[in-house]
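my_file-v4.cif follows; it contains mmCIF, C-alpha atoms.
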data_entry
loop_
_atom_site.label_atom_id
_atom_site.label_comp_id
_atom_site.auth_asym_id
_atom_site.auth_seq_id
_atom_site.Cartn_x
_atom_site.Cartn_y
_atom_site.Cartn_z
CA MET W 30 0.00 0.00 0.00
CA ILE W 31 1.14 3.55 -0.69
CA SER W 32 0.49 6.13 1.98
CA SER W 33 0.51 9.25 -0.19
CA ARG W 34 1.69 12.20 1.84
CA LEU W 35 2.82 15.56 0.51
CA THR W 36 5.02 17.62 2.80
CA LEU W 37 5.87 21.19 1.84
CA SER W 38 8.99 22.96 3.11
CA TRP W 39 8.47 26.64 2.46
CA THR W 40 9.10 30.21 3.60
CA SER W 41 7.02 33.31 3.24
CA ALA W 42 8.73 33.84 -0.12
CA TRP W 43 6.54 31.03 -1.46
CA THR W 44 3.63 33.44 -1.74
CA LEU W 45 5.84 35.71 -3.85
CA GLY W 46 6.44 32.92 -6.33
CA ALA W 47 9.93 31.97 -5.15
CA LEU W 48 11.11 28.41 -5.53
CA ALA W 49 10.60 26.09 -2.61
CA THR W 50 11.67 22.56 -1.79
CA LEU W 51 8.97 19.90 -1.98
CA LEU W 52 9.33 16.59 -0.26
CA PHE W 53 7.16 13.83 -1.64
CA ALA W 54 6.93 11.08 0.94
CA SER W 55 5.60 7.83 -0.48
CA PRO W 56 6.46 5.03 1.93
CA LEU W 57 5.94 1.69 0.25
CA ALA W 58 5.01 -1.16 2.53
CA GLY W 59 7.90 -3.46 3.26
CA ALA W 60 10.29 -1.65 0.96
CA GLY W 61 12.08 0.57 3.43
CA CYS W 62 11.14 3.50 1.25
CA SER W 63 12.13 6.95 2.42
CA SER W 64 11.06 10.35 1.13
CA ARG W 65 11.42 11.36 -2.51
CA SER W 66 13.27 14.66 -2.54
CA VAL W 67 12.34 17.16 -5.21
CA THR W 68 13.90 20.57 -5.79
CA GLY W 69 11.77 23.44 -7.04
CA SER W 70 8.02 23.71 -7.23
CA ARG W 71 6.20 21.13 -9.32
CA ASP W 72 5.11 23.90 -11.67
CA ALA W 73 8.63 25.22 -12.07
CA ALA W 74 10.28 21.83 -12.39
CA SER W 75 8.93 21.11 -15.85
CA ALA W 76 6.37 22.32 -18.30
CA SER W 77 4.40 19.14 -17.69
CA GLY W 78 4.04 19.62 -13.96
CA GLY W 79 6.72 17.15 -12.99
CA ALA W 80 9.30 17.25 -10.26
CA THR W 81 13.07 17.21 -10.54
CA ILE W 82 14.52 14.45 -8.42
CA ALA W 83 17.43 15.93 -6.49
CA GLY W 84 21.02 15.28 -7.46
CA SER W 85 22.34 12.79 -9.95
CA GLY W 86 21.71 9.66 -8.02
CA GLY W 87 20.87 11.08 -4.64
CA ALA W 88 18.94 8.91 -2.29
CA VAL W 89 17.11 10.81 0.39
CA GLY W 90 17.39 10.57 4.12
CA GLY W 91 14.92 9.26 6.65
CA GLY W 92 13.41 5.85 7.18
CA SER W 93 15.71 2.92 6.65
CA GLY W 94 16.85 3.96 3.17
CA ILE W 95 20.57 4.06 2.53
CA ALA W 96 21.85 7.18 0.80
CA GLY W 97 24.71 5.39 -0.88
CA ALA W 98 26.44 2.05 -0.86
CA PRO W 99 29.42 1.73 1.48
CA GLY W 100 32.58 2.88 -0.22
CA SER W 101 30.66 4.76 -2.89
CA GLY W 102 30.22 8.06 -1.16
CA GLY W 103 26.99 7.38 0.66
CA VAL W 104 26.18 7.23 4.32
CA GLY W 105 23.29 5.96 6.37
CA ALA W 106 19.80 7.31 6.72
CA GLY W 107 19.53 10.95 7.62
CA GLY W 108 23.10 11.79 6.58
CA ALA W 109 24.62 13.57 3.63
CA SER W 110 25.65 11.82 0.47
CA GLU W 111 28.60 12.88 -1.64
CA GLY W 112 29.03 12.71 -5.38
CA SER W 113 28.69 14.58 -8.61
CA GLY W 114 25.59 16.69 -9.00
CA GLY W 115 24.48 19.42 -11.34
CA ARG W 116 21.58 19.79 -13.69
CA VAL W 117 21.47 20.69 -17.33
CA ALA W 118 18.09 21.04 -18.97
CA GLY W 119 17.53 18.77 -21.92
CA GLY W 120 17.39 20.22 -25.36
CA GLY W 121 15.56 19.11 -28.42
CA GLY W 122 13.84 20.77 -31.31
CA ALA W 123 12.54 20.23 -34.74
CA GLY W 124 14.56 19.74 -37.84
CA GLY W 125 15.61 17.26 -40.41
CA ARG W 126 17.86 14.33 -39.79
CA THR W 127 20.15 12.24 -41.89
CA GLY W 128 22.15 9.18 -41.00
CA THR W 129 25.71 9.00 -42.18
CA GLY W 130 25.83 5.23 -42.44
CA ALA W 131 29.49 5.44 -41.52
CA MET W 132 31.37 2.48 -40.18
CA GLY W 133 33.88 2.85 -37.40
CA GLY W 134 36.12 1.15 -34.89
CA GLY W 135 35.46 -1.53 -32.29
CA LEU W 136 33.67 -1.59 -28.96
CA GLY W 137 35.14 0.58 -26.27
CA GLY W 138 36.21 -0.57 -22.85
CA GLY W 139 39.00 -0.76 -20.37
CA GLY W 140 40.35 1.41 -17.65
CA ARG W 141 37.16 2.81 -16.15
CA THR W 142 36.83 3.63 -12.48
CA ALA W 143 34.11 5.05 -10.28
CA SER W 144 34.12 8.79 -9.79
CA GLY W 145 33.79 10.52 -6.48
CA GLY W 146 33.32 14.26 -6.76
CA GLY W 147 32.34 16.96 -4.35
CA ILE W 148 29.24 17.27 -2.26
CA ALA W 149 26.25 17.74 -4.52
CA SER W 150 23.44 20.10 -3.70
CA GLY W 151 20.09 18.49 -3.19
CA GLY W 152 16.74 18.73 -1.49
CA VAL W 153 16.31 18.30 2.21
CA ALA W 154 14.45 15.22 3.34
CA ALA W 155 13.10 14.21 6.71
CA GLY W 156 16.05 13.49 8.94
CA GLY W 157 18.80 15.31 7.05
CA ALA W 158 20.27 16.45 3.76
CA ALA W 159 20.57 14.29 0.70
CA GLY W 160 22.73 14.99 -2.29
CA ALA W 161 24.01 12.73 -5.04
CA PRO W 162 25.93 9.57 -4.27
CA ALA W 163 29.22 9.00 -6.00
CA ALA W 164 28.76 8.20 -9.64
CA GLY W 165 29.36 4.55 -10.35
CA GLY W 166 30.19 4.79 -14.01
CA ALA W 167 33.10 5.58 -16.26
CA THR W 168 35.28 8.64 -15.88
CA GLY W 169 36.87 10.45 -18.77
CA GLN W 170 34.34 9.24 -21.34
CA SER W 171 32.66 11.78 -23.58
CA THR W 172 29.65 9.79 -24.76
CA LEU W 173 26.33 8.68 -23.40
CA ASP W 174 26.46 4.89 -23.66
CA ILE W 175 23.31 2.75 -23.82
CA TYR W 176 23.57 -1.04 -23.63
CA PHE W 177 20.65 -3.18 -24.80
CA ILE W 178 21.30 -6.44 -22.97
CA ASP W 179 19.97 -9.72 -24.32
CA VAL W 180 17.62 -11.30 -21.78
CA GLU W 181 15.74 -13.50 -24.26
CA GLY W 182 12.73 -11.34 -24.98
CA GLY W 183 12.73 -9.48 -21.69
CA ALA W 184 14.21 -6.06 -21.08
CA ALA W 185 17.46 -4.79 -19.57
CA THR W 186 18.78 -1.42 -20.73
CA LEU W 187 21.81 0.23 -19.13
CA MET W 188 22.63 3.91 -19.54
CA VAL W 189 26.00 5.42 -18.54
CA SER W 190 26.22 9.20 -18.81
CA PRO W 191 29.39 11.03 -19.90
CA SER W 192 29.95 12.10 -16.29
CA GLY W 193 29.58 8.53 -15.05
CA GLN W 194 26.06 8.38 -13.60
CA THR W 195 24.31 5.08 -14.21
CA LEU W 196 20.71 4.02 -14.79
CA LEU W 197 19.53 0.46 -15.38
CA VAL W 198 16.02 -0.01 -16.73
CA ASP W 199 14.72 -3.52 -15.92
CA ALA W 200 16.92 -6.59 -15.59
CA GLY W 201 15.20 -9.49 -17.31
CA ASN W 202 13.78 -12.69 -15.87
CA PRO W 203 14.17 -14.39 -12.48
CA GLY W 204 16.94 -16.91 -12.01
CA ASP W 205 20.66 -16.79 -12.63
CA ARG W 206 20.84 -16.49 -16.43
CA ASP W 207 19.66 -12.92 -16.94
CA VAL W 208 21.22 -11.36 -13.84
CA THR W 209 24.52 -12.95 -14.87
CA ARG W 210 24.23 -11.31 -18.29
CA VAL W 211 23.45 -7.95 -16.71
CA LEU W 212 26.38 -8.29 -14.32
CA ASN W 213 28.67 -9.18 -17.22
CA VAL W 214 27.82 -5.93 -18.98
CA LEU W 215 28.12 -3.92 -15.77
CA ASN W 216 31.46 -5.40 -14.77
CA ASN W 217 33.17 -6.22 -18.06
CA GLN W 218 31.72 -3.86 -20.67
CA ALA W 219 30.54 -0.67 -18.99
CA ARG W 220 32.95 -1.31 -16.10
CA VAL W 221 30.80 0.39 -13.50
CA THR W 222 31.09 -0.17 -9.78
CA ARG W 223 27.56 0.75 -8.75
CA LEU W 224 24.20 1.74 -10.16
CA ASP W 225 22.84 5.12 -9.19
CA TYR W 226 19.31 4.16 -10.26
CA VAL W 227 17.41 1.02 -11.17
CA VAL W 228 14.02 1.61 -12.78
CA THR W 229 11.50 -1.21 -12.95
CA THR W 230 9.04 -0.32 -15.70
CA HIS W 231 6.38 -2.76 -14.47
CA PHE W 232 6.00 -5.96 -12.50
CA HIS W 233 6.12 -8.75 -15.08
CA SER W 234 8.71 -11.45 -14.70
CA ASP W 235 10.72 -10.55 -17.82
CA HIS W 236 11.35 -7.06 -16.42
CA VAL W 237 11.36 -7.23 -12.63
CA GLY W 238 12.63 -10.78 -12.09
CA GLY W 239 16.24 -9.84 -12.66
CA VAL W 240 15.89 -6.70 -10.52
CA THR W 241 14.95 -8.85 -7.55
CA ALA W 242 17.99 -11.03 -8.19
CA LEU W 243 20.28 -8.03 -8.72
CA ALA W 244 19.28 -6.20 -5.52
CA SER W 245 21.55 -8.32 -3.32
CA ARG W 246 24.40 -8.69 -5.82
CA PHE W 247 25.30 -5.17 -6.93
CA PRO W 248 25.32 -1.76 -5.17
CA VAL W 249 22.30 0.37 -6.08
CA GLY W 250 21.51 3.92 -4.94
CA GLN W 251 17.77 4.10 -5.66
CA PHE W 252 15.12 1.75 -6.92
CA MET W 253 12.30 3.39 -8.87
CA ASP W 254 8.93 2.08 -10.11
CA HIS W 255 5.30 3.08 -10.62
CA GLY W 256 4.11 1.94 -7.21
CA PRO W 257 2.27 -1.25 -6.19
CA SER W 258 1.49 -3.83 -8.85
CA ILE W 259 -2.14 -3.89 -9.89
CA GLU W 260 -1.77 -7.64 -10.42
CA GLY W 261 -0.17 -8.34 -7.04
CA GLY W 262 1.10 -11.86 -6.41
CA ALA W 263 4.36 -13.52 -5.42
CA LEU W 264 6.44 -11.78 -8.09
CA TYR W 265 5.68 -8.35 -6.67
CA ASN W 266 5.98 -9.56 -3.09
CA ASP W 267 9.44 -10.94 -3.84
CA TYR W 268 10.46 -7.57 -5.25
CA VAL W 269 9.24 -5.74 -2.16
CA ALA W 270 11.05 -8.19 0.10
CA ALA W 271 14.30 -7.84 -1.88
CA LEU W 272 14.18 -4.05 -1.45
CA ALA W 273 13.65 -4.13 2.32
CA GLY W 274 15.98 -1.56 3.87
CA LYS W 275 16.78 -0.02 0.48
CA THR W 276 15.64 3.26 -1.03
CA ARG W 277 12.58 3.05 -3.25
CA VAL W 278 10.92 5.94 -5.07
CA MET W 279 7.59 6.03 -6.88
CA VAL W 280 7.76 7.76 -10.27
CA ARG W 281 5.07 10.14 -11.53
CA PRO W 282 4.66 11.35 -15.13
CA GLY W 283 6.46 14.66 -15.52
CA ASP W 284 9.17 13.82 -12.98
CA ARG W 285 12.69 14.52 -14.18
CA LEU W 286 15.99 12.89 -13.34
CA GLN W 287 19.45 14.24 -14.18
CA LEU W 288 22.33 11.97 -15.11
CA GLY W 289 24.84 14.79 -15.45
CA ASP W 290 24.08 16.31 -18.86
CA VAL W 291 21.46 13.68 -19.65
CA ASP W 292 17.90 14.74 -18.88
CA ILE W 293 15.44 11.93 -18.14
CA ILE W 294 11.79 12.96 -18.44
CA PHE W 295 9.26 10.38 -17.27
CA VAL W 296 6.27 10.39 -19.61
CA SER W 297 4.22 7.46 -18.29
CA ALA W 298 3.75 5.64 -15.00
CA GLY W 299 0.89 3.83 -13.33
CA GLY W 300 -1.40 4.25 -16.32
CA GLN W 301 -1.01 8.04 -16.26
CA LEU W 302 0.67 10.21 -18.89
CA VAL W 303 2.68 13.40 -18.95
CA ASP W 304 1.16 16.61 -20.26
CA ALA W 305 2.49 17.73 -23.62
CA LEU W 306 6.24 18.44 -23.49
CA PRO W 307 7.64 21.58 -25.15
CA THR W 308 8.67 19.36 -28.08
CA ALA W 309 5.11 18.06 -28.58
CA THR W 310 3.64 18.23 -32.07
CA ALA W 311 0.17 18.10 -33.59
CA ASN W 312 -0.56 14.63 -34.91
CA PRO W 313 -2.54 14.37 -38.14
CA LEU W 314 -2.21 10.58 -38.00
CA CYS W 315 -4.92 10.33 -35.34
CA THR W 316 -7.82 10.63 -37.75
CA GLY W 317 -9.05 7.12 -38.46
CA ALA W 318 -6.17 5.58 -36.49
CA PRO W 319 -6.66 1.91 -35.54
CA GLN W 320 -7.75 1.34 -31.95
CA MET W 321 -7.48 -1.41 -29.35
CA PRO W 322 -9.29 -1.65 -25.99
CA GLU W 323 -7.82 -0.54 -22.68
CA ARG W 324 -6.35 -3.28 -20.47
CA PRO W 325 -7.25 -2.10 -16.95
CA THR W 326 -6.13 -5.24 -15.08
CA ASP W 327 -2.82 -5.65 -16.92
CA GLU W 328 0.55 -4.43 -15.63
CA ASN W 329 1.82 -3.62 -19.13
CA PRO W 330 -0.07 -0.32 -19.53
CA GLN W 331 1.18 0.69 -16.07
CA SER W 332 4.73 0.84 -17.48
CA VAL W 333 7.15 3.59 -16.57
CA GLY W 334 8.25 5.26 -19.80
CA PHE W 335 10.71 8.06 -20.40
CA VAL W 336 12.57 10.25 -22.86
CA ALA W 337 16.33 10.62 -22.37
CA ARG W 338 17.75 13.81 -23.87
CA PHE W 339 21.43 14.52 -24.40
CA GLY W 340 21.92 17.69 -26.39
CA THR W 341 19.95 17.23 -29.61
CA PHE W 342 19.63 13.45 -29.14
CA ASP W 343 16.35 11.90 -27.93
CA PHE W 344 15.97 8.28 -26.82
CA VAL W 345 12.50 6.92 -26.05
CA ASP W 346 11.80 3.84 -23.92
CA LEU W 347 8.14 3.19 -23.03
CA GLY W 348 8.52 -0.22 -21.42
CA ASP W 349 5.60 -2.44 -22.37
CA LEU W 350 2.96 0.26 -22.91
CA THR W 351 0.03 -1.16 -24.82
CA TRP W 352 -1.87 0.23 -27.79
CA ALA W 353 -4.65 2.18 -26.05
CA VAL W 354 -2.22 4.04 -23.79
CA GLU W 355 0.11 4.70 -26.73
CA ASN W 356 -2.90 6.16 -28.53
CA ARG W 357 -3.56 8.53 -25.64
CA LEU W 358 0.11 9.53 -25.67
CA ALA W 359 -0.07 10.24 -29.41
CA CYS W 360 -3.54 11.70 -29.96
CA PRO W 361 -4.65 14.32 -30.65
CA THR W 362 -1.14 15.60 -29.89
CA ASN W 363 2.11 13.66 -29.91
CA ARG W 364 3.02 14.64 -26.35
CA ILE W 365 6.69 13.67 -26.74
CA GLY W 366 7.72 15.00 -30.13
CA PRO W 367 10.19 13.33 -32.51
CA ALA W 368 12.72 10.71 -31.38
CA ASP W 369 16.12 9.74 -32.72
CA LEU W 370 16.35 6.26 -31.18
CA LEU W 371 13.32 4.20 -30.14
CA GLN W 372 13.37 1.08 -28.02
CA VAL W 373 10.41 -0.73 -29.59
CA SER W 374 7.67 -1.14 -27.01
CA HIS W 375 6.78 -4.54 -25.58
CA HIS W 376 9.45 -6.48 -27.50
CA GLY W 377 7.57 -5.88 -30.74
CA LEU W 378 4.36 -7.68 -29.72
CA GLU W 379 1.31 -6.86 -31.82
CA ILE W 380 -0.68 -5.31 -28.92
CA SER W 381 1.80 -2.40 -28.81
CA SER W 382 3.52 -0.08 -31.31
CA ALA W 383 0.40 1.76 -32.42
CA PRO W 384 1.35 3.37 -35.75
CA GLN W 385 -0.16 6.71 -34.76
CA LEU W 386 2.53 6.92 -32.07
CA VAL W 387 5.46 5.22 -33.82
CA HIS W 388 5.02 7.27 -36.99
CA ALA W 389 4.60 10.49 -35.00
CA LEU W 390 7.82 9.79 -33.11
CA ALA W 391 9.41 9.10 -36.51
CA PRO W 392 12.56 7.49 -35.10
CA LEU W 393 15.63 7.37 -37.27
CA VAL W 394 16.60 4.06 -35.64
CA ALA W 395 14.51 1.44 -33.83
CA LEU W 396 15.93 -1.22 -31.50
CA MET W 397 13.75 -4.25 -30.68
CA ASN W 398 14.53 -6.31 -27.57
CA ASN W 399 12.73 -9.40 -28.81
CA GLY W 400 13.48 -13.08 -28.30
CA PRO W 401 13.71 -15.86 -30.89
CA THR W 402 10.00 -16.65 -30.53
CA LYS W 403 8.77 -13.74 -28.39
CA GLY W 404 7.78 -10.40 -29.83
CA GLY W 405 8.92 -9.40 -33.28
CA ALA W 406 5.38 -9.49 -34.66
CA VAL W 407 4.98 -9.19 -38.41
CA ALA W 408 2.61 -6.23 -37.92
CA THR W 409 5.19 -4.43 -35.78
CA PHE W 410 7.92 -4.82 -38.40
CA ASP W 411 5.47 -3.46 -40.99
CA THR W 412 4.74 -0.47 -38.76
CA LEU W 413 8.42 0.25 -38.23
CA LYS W 414 9.32 -0.08 -41.89
CA ALA W 415 6.55 2.35 -42.83
CA SER W 416 7.64 4.94 -40.26
CA PRO W 417 8.70 8.26 -41.86
CA GLY W 418 12.48 8.67 -41.96
CA ILE W 419 13.34 5.25 -40.54
CA GLN W 420 16.84 4.24 -41.57
CA ASP W 421 17.54 1.05 -39.69
CA ILE W 422 15.86 -1.54 -37.49
CA TRP W 423 18.12 -3.41 -35.04
CA THR W 424 17.04 -6.49 -33.09
CA LEU W 425 18.47 -8.52 -30.24
CA HIS W 426 17.30 -11.77 -31.86
CA ARG W 427 16.29 -13.14 -35.20
CA ALA W 428 12.56 -13.84 -35.07
CA ILE W 429 12.78 -17.47 -36.14
CA ASN W 430 9.12 -17.75 -37.15
CA ASN W 431 9.29 -14.74 -39.49
CA ASP W 432 10.55 -14.43 -43.02
CA ALA W 433 13.50 -12.21 -43.96
CA ALA W 434 11.21 -9.29 -44.74
CA HIS W 435 10.06 -9.27 -41.13
CA ASN W 436 13.45 -9.41 -39.48
CA ALA W 437 16.34 -7.04 -39.16
CA VAL W 438 19.03 -7.50 -41.76
CA GLU W 439 21.48 -10.07 -40.42
CA ALA W 440 24.27 -7.57 -39.79
CA LEU W 441 22.01 -5.62 -37.40
CA CYS W 442 20.73 -8.66 -35.47
CA ALA W 443 22.69 -9.38 -32.29
CA ASN W 444 21.78 -13.07 -32.01
CA ILE W 445 21.00 -15.08 -35.13
CA THR W 446 21.10 -18.58 -33.63
CA THR W 447 19.51 -20.15 -30.57
CA SER W 448 22.04 -22.96 -30.19
CA PRO W 449 24.45 -21.77 -29.07
CA ASP W 450 22.90 -18.63 -27.68
CA GLY W 451 25.57 -15.96 -27.77
CA ALA W 452 23.77 -13.50 -25.46
CA HIS W 453 25.17 -10.66 -27.56
CA PHE W 454 24.14 -7.08 -26.80
CA VAL W 455 23.83 -3.90 -28.84
CA LYS W 456 25.53 -0.72 -27.68
CA ALA W 457 24.64 2.85 -28.63
CA SER W 458 27.24 5.59 -28.06
CA VAL W 459 25.99 9.16 -28.32
CA ALA W 460 28.44 12.01 -28.86
CA ARG W 461 27.90 15.58 -27.76
CA ASP W 462 27.66 16.73 -31.38
CA GLY W 463 24.46 14.71 -31.82
CA SER W 464 25.96 11.79 -33.72
CA TYR W 465 25.33 8.32 -32.36
CA THR W 466 26.76 4.95 -33.25
CA LEU W 467 25.18 1.55 -32.72
CA THR W 468 27.45 -1.47 -32.43
CA ASN W 469 26.50 -5.14 -32.69
CA ALA W 470 28.59 -7.07 -30.15
CA ARG W 471 28.25 -10.26 -32.21
CA ASN W 472 30.03 -9.04 -35.33
CA ASN W 473 31.26 -5.54 -34.43
CA GLU W 474 29.01 -4.06 -37.12
CA MET W 475 28.75 -0.31 -36.53
CA ARG W 476 26.51 2.33 -38.04
CA THR W 477 26.53 6.02 -37.25
CA TYR W 478 23.56 8.37 -37.46
CA ARG W 479 22.98 12.08 -36.92
CA SER W 480 20.28 13.35 -34.54
CA ARG W 481 17.90 16.11 -35.52
#
Please lay out the structure from this file as structure tokens.
Amino acid sequence: MISSRLTLSWTSAWTLGALATLLFASPLAGAGCSSRSVTGSRDAASASGGATIAGSGGAVGGGSGIAGAPGSGGVGAGGASEGSGGRVAGGGGAGGRTGTGAMGGGLGGGGRTASGGGIASGGVAAGGAAGAPAAGGATGQSTLDIYFIDVEGGAATLMVSPSGQTLLVDAGNPGDRDVTRVLNVLNNQARVTRLDYVVTTHFHSDHVGGVTALASRFPVGQFMDHGPSIEGGALYNDYVAALAGKTRVMVRPGDRLQLGDVDIIFVSAGGQLVDALPTATANPLCTGAPQMPERPTDENPQSVGFVARFGTFDFVDLGDLTWAVENRLACPTNRIGPADLLQVSHHGLEISSAPQLVHALAPLVALMNNGPTKGGAVATFDTLKASPGIQDIWTLHRAINNDAAHNAVEALCANITTSPDGAHFVKASVARDGSYTLTNARNNEMRTYRSR
């Protein structure tokens, strides 16, 4: 159960329109959840009414939450947490885009260590101050790196900002296989020592199962999700139990999270949607658009979804949002605006990827985290191929029941066989100039594109 409580910390200047610090306290039963610290008024935080979560990985004090893992700059509940902070508002805007199609060198790696940094400024929570814990990612890198980890038709997406902050979105299925694959990328590819944030988009086994397994095996600053599962059951209960004594935050549409220069804007959570962002566009595709019914008892449409903005580059990940919610996000206005890189919703299943949304986002590149026999629907490939401006479709697996026309070209498919299963990932590296390169870990195939 969530006990929703809104605590305002203000001065008389509030009535004059000055910024104040808001503390959103959402204790989650059994999760050891402390307050969610937000800096600035909800109206000032974003055009969509969201809140900016303090710091760049900052857990908040109070309760039994831990501000940072031992040795990573954090201290216990109620104390201050050190690390790298700072906020840079995300950019974005209209314009044309062209992909260069250039080929380049091999996968990066080697020599990365966790960064420390000074004391970050942050909001004040019950029991003490909370800033940003030490960044757990790479130092000295200049790119935003996104790893699409193969978890056999589940989801596990790792983001490492140029300044080293880390965000993992989902972690695949329960058991040892998927968490081992996630740990391999963390330890041997991204070479990070901790995760600042872990976001669970929704409580289905192919997304949350690995999070439950990861919670005791890798340092994490904050766990984030949409709140209690509407389906309930052992899967959700296991997640709550695994997070006991850890910091858990409930995400609302419009909330923002800073990973250094990377701006994360949450656009969906708990079946609710963000108001139109400044990059929103009118959507003429809504007239006569195909419809599907709402799914009110299903966790999928509860998914946490977000836009990650780094300079002119926009990455969209909507978890497993289903068709009717996608339609609301797209019509009558595309509330997000155009995207450069799209993680295809719901592994490419036919109950998601409504064309009125996909074609309005008009991604230059689409990445599908499908399995050999899961997702990758023929209708979804048709939708993607018909999307305006699409240049390439990448997949984590060959859809073995589809023909060649409804698969990625072999060079852009990370895993083309099921025996042996290579568990190959795809990595996107985004430069500050707006160019971004995707690399297939199976064959080192690389293609470079230019954001809007």
Q.
With all atoms listed in the file as the counted atoms, please give the residues lying no more than 9 Å from region 395-408 of chain W, apart from itself and same-chain residues fewer than 4 positions off, as number ranges by chain.
A. W: 177-185, 369-379, 412-413, 419-432, 434-436, 444-447, 455
Q) Written as a PyMOL selection string, what is the full residue list that the PyMOL selection byres ((chain W and resi 345) around 7) yields on the file shown? A) chain W and resi 335-337+343-344+346-347+368+370-372
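Between Leu264 (chain W) and the candidates W:Pro367, W:Gly317, W:Pro361, W:Gly239, the tightest atom-to-atom separation, counting only C-alpha atoms, involves W:Gly239.
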Q: For each of W:Gly340, W:Gly238, W:Gly334, W:Gly418, take the minimum atom-to-atom distance to Asp290 (chain W), counting all atoms listed in the file, then give the residue where this is smallest.
A: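 Among W:Gly340, W:Gly238, W:Gly334, W:Gly418, it is W:Gly340 that comes nearest to Asp290 (chain W).
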Q) Evaluating the PyMOL selection byres ((chain W and resi 329-332) around 12) on the displayed file yields which residues, as a ChimeraX atom specification? A) /W:198-199,228-237,253-260,280-282,295-302,322-328,333-335,346-358,374-376,378,380-381
(Q) So the first atom is CA of Gly463 (chain W) and the second is CA of Ser480 (chain W); what is the distance between them in Å, to one decimal place? (A)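 So the answer is 5.2 Å.
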Q) Just how far from CA of Arg206 (chain W) is CA of Lys456 (chain W), in Å to one decimal? A)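 CA of Arg206 (chain W) lies 19.9 Å from CA of Lys456 (chain W).
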Q: Find, counting all atoms listed in the file, the residue in W:Phe410, W:Tyr226, W:Tyr268, W:Tyr176 that gets nearest to Val240 (chain W).
A: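 Looking only at the distances to Val240 (chain W), the closest residue turns out to be W:Tyr268.
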Q) Which protein, DNA or RNA residues are at most 8 Å from (2.4, 4.2, -37.5) in the file's coordinates when you count only C-alpha atoms, listed as a list in words? A) Leu314, Ser382, Ala383, Pro384, Gln385, Leu386, Val387, His388, Ala389, Thr412, Leu413, Ala415 and Ser416 of chain W
Q: Have a look at CA of Leu272 (chain W) and CA of His453 (chain W) and let me know their distance in Å, one decimal.
A: 29.1 Å
Q) the PyMOL selection byres ((chain W and resi 292) around 8) on the file shown: which residues, as a ChimeraX atom specification? A) /W:117-119,285-291,293-294,337-339
Q | Of the listed residues W:Ala433, W:Leu196, W:Ala309, W:Ala470, that which approaches Ala452 (chain W) most closely, counting only C-alpha atoms | A | W:Ala470
Counting all atoms listed in the file, I want the residues whose atoms come within 8 Å of (26.6, 0.7, -34.6) in the file frame, returned as a PDB file with C-alpha atoms, in the coordinates of the input.
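Once everything was written out, this is selection_17.pdb:
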ATOM      1  CA  MET W 132      31.370   2.480 -40.180  1.00  0.00           C
ATOM      2  CA  VAL W 455      23.830  -3.900 -28.840  1.00  0.00           C
ATOM      3  CA  LYS W 456      25.530  -0.720 -27.680  1.00  0.00           C
ATOM      4  CA  ALA W 457      24.640   2.850 -28.630  1.00  0.00           C
ATOM      5  CA  THR W 466      26.760   4.950 -33.250  1.00  0.00           C
ATOM      6  CA  LEU W 467      25.180   1.550 -32.720  1.00  0.00           C
ATOM      7  CA  THR W 468      27.450  -1.470 -32.430  1.00  0.00           C
ATOM      8  CA  ASN W 469      26.500  -5.140 -32.690  1.00  0.00           C
ATOM      9  CA  ASN W 473      31.260  -5.540 -34.430  1.00  0.00           C
ATOM     10  CA  GLU W 474      29.010  -4.060 -37.120  1.00  0.00           C
ATOM     11  CA  MET W 475      28.750  -0.310 -36.530  1.00  0.00           C
ATOM     12  CA  ARG W 476      26.510   2.330 -38.040  1.00  0.00           C
ATOM     13  CA  THR W 477      26.530   6.020 -37.250  1.00  0.00           C
TER      14      THR W 477
END
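Shortest separation to Thr241 (chain W) among W:Gly201, W:Gly262, W:Pro313, W:Gly193 occurs at residue W:Gly201, atoms counted being only C-alpha atoms.
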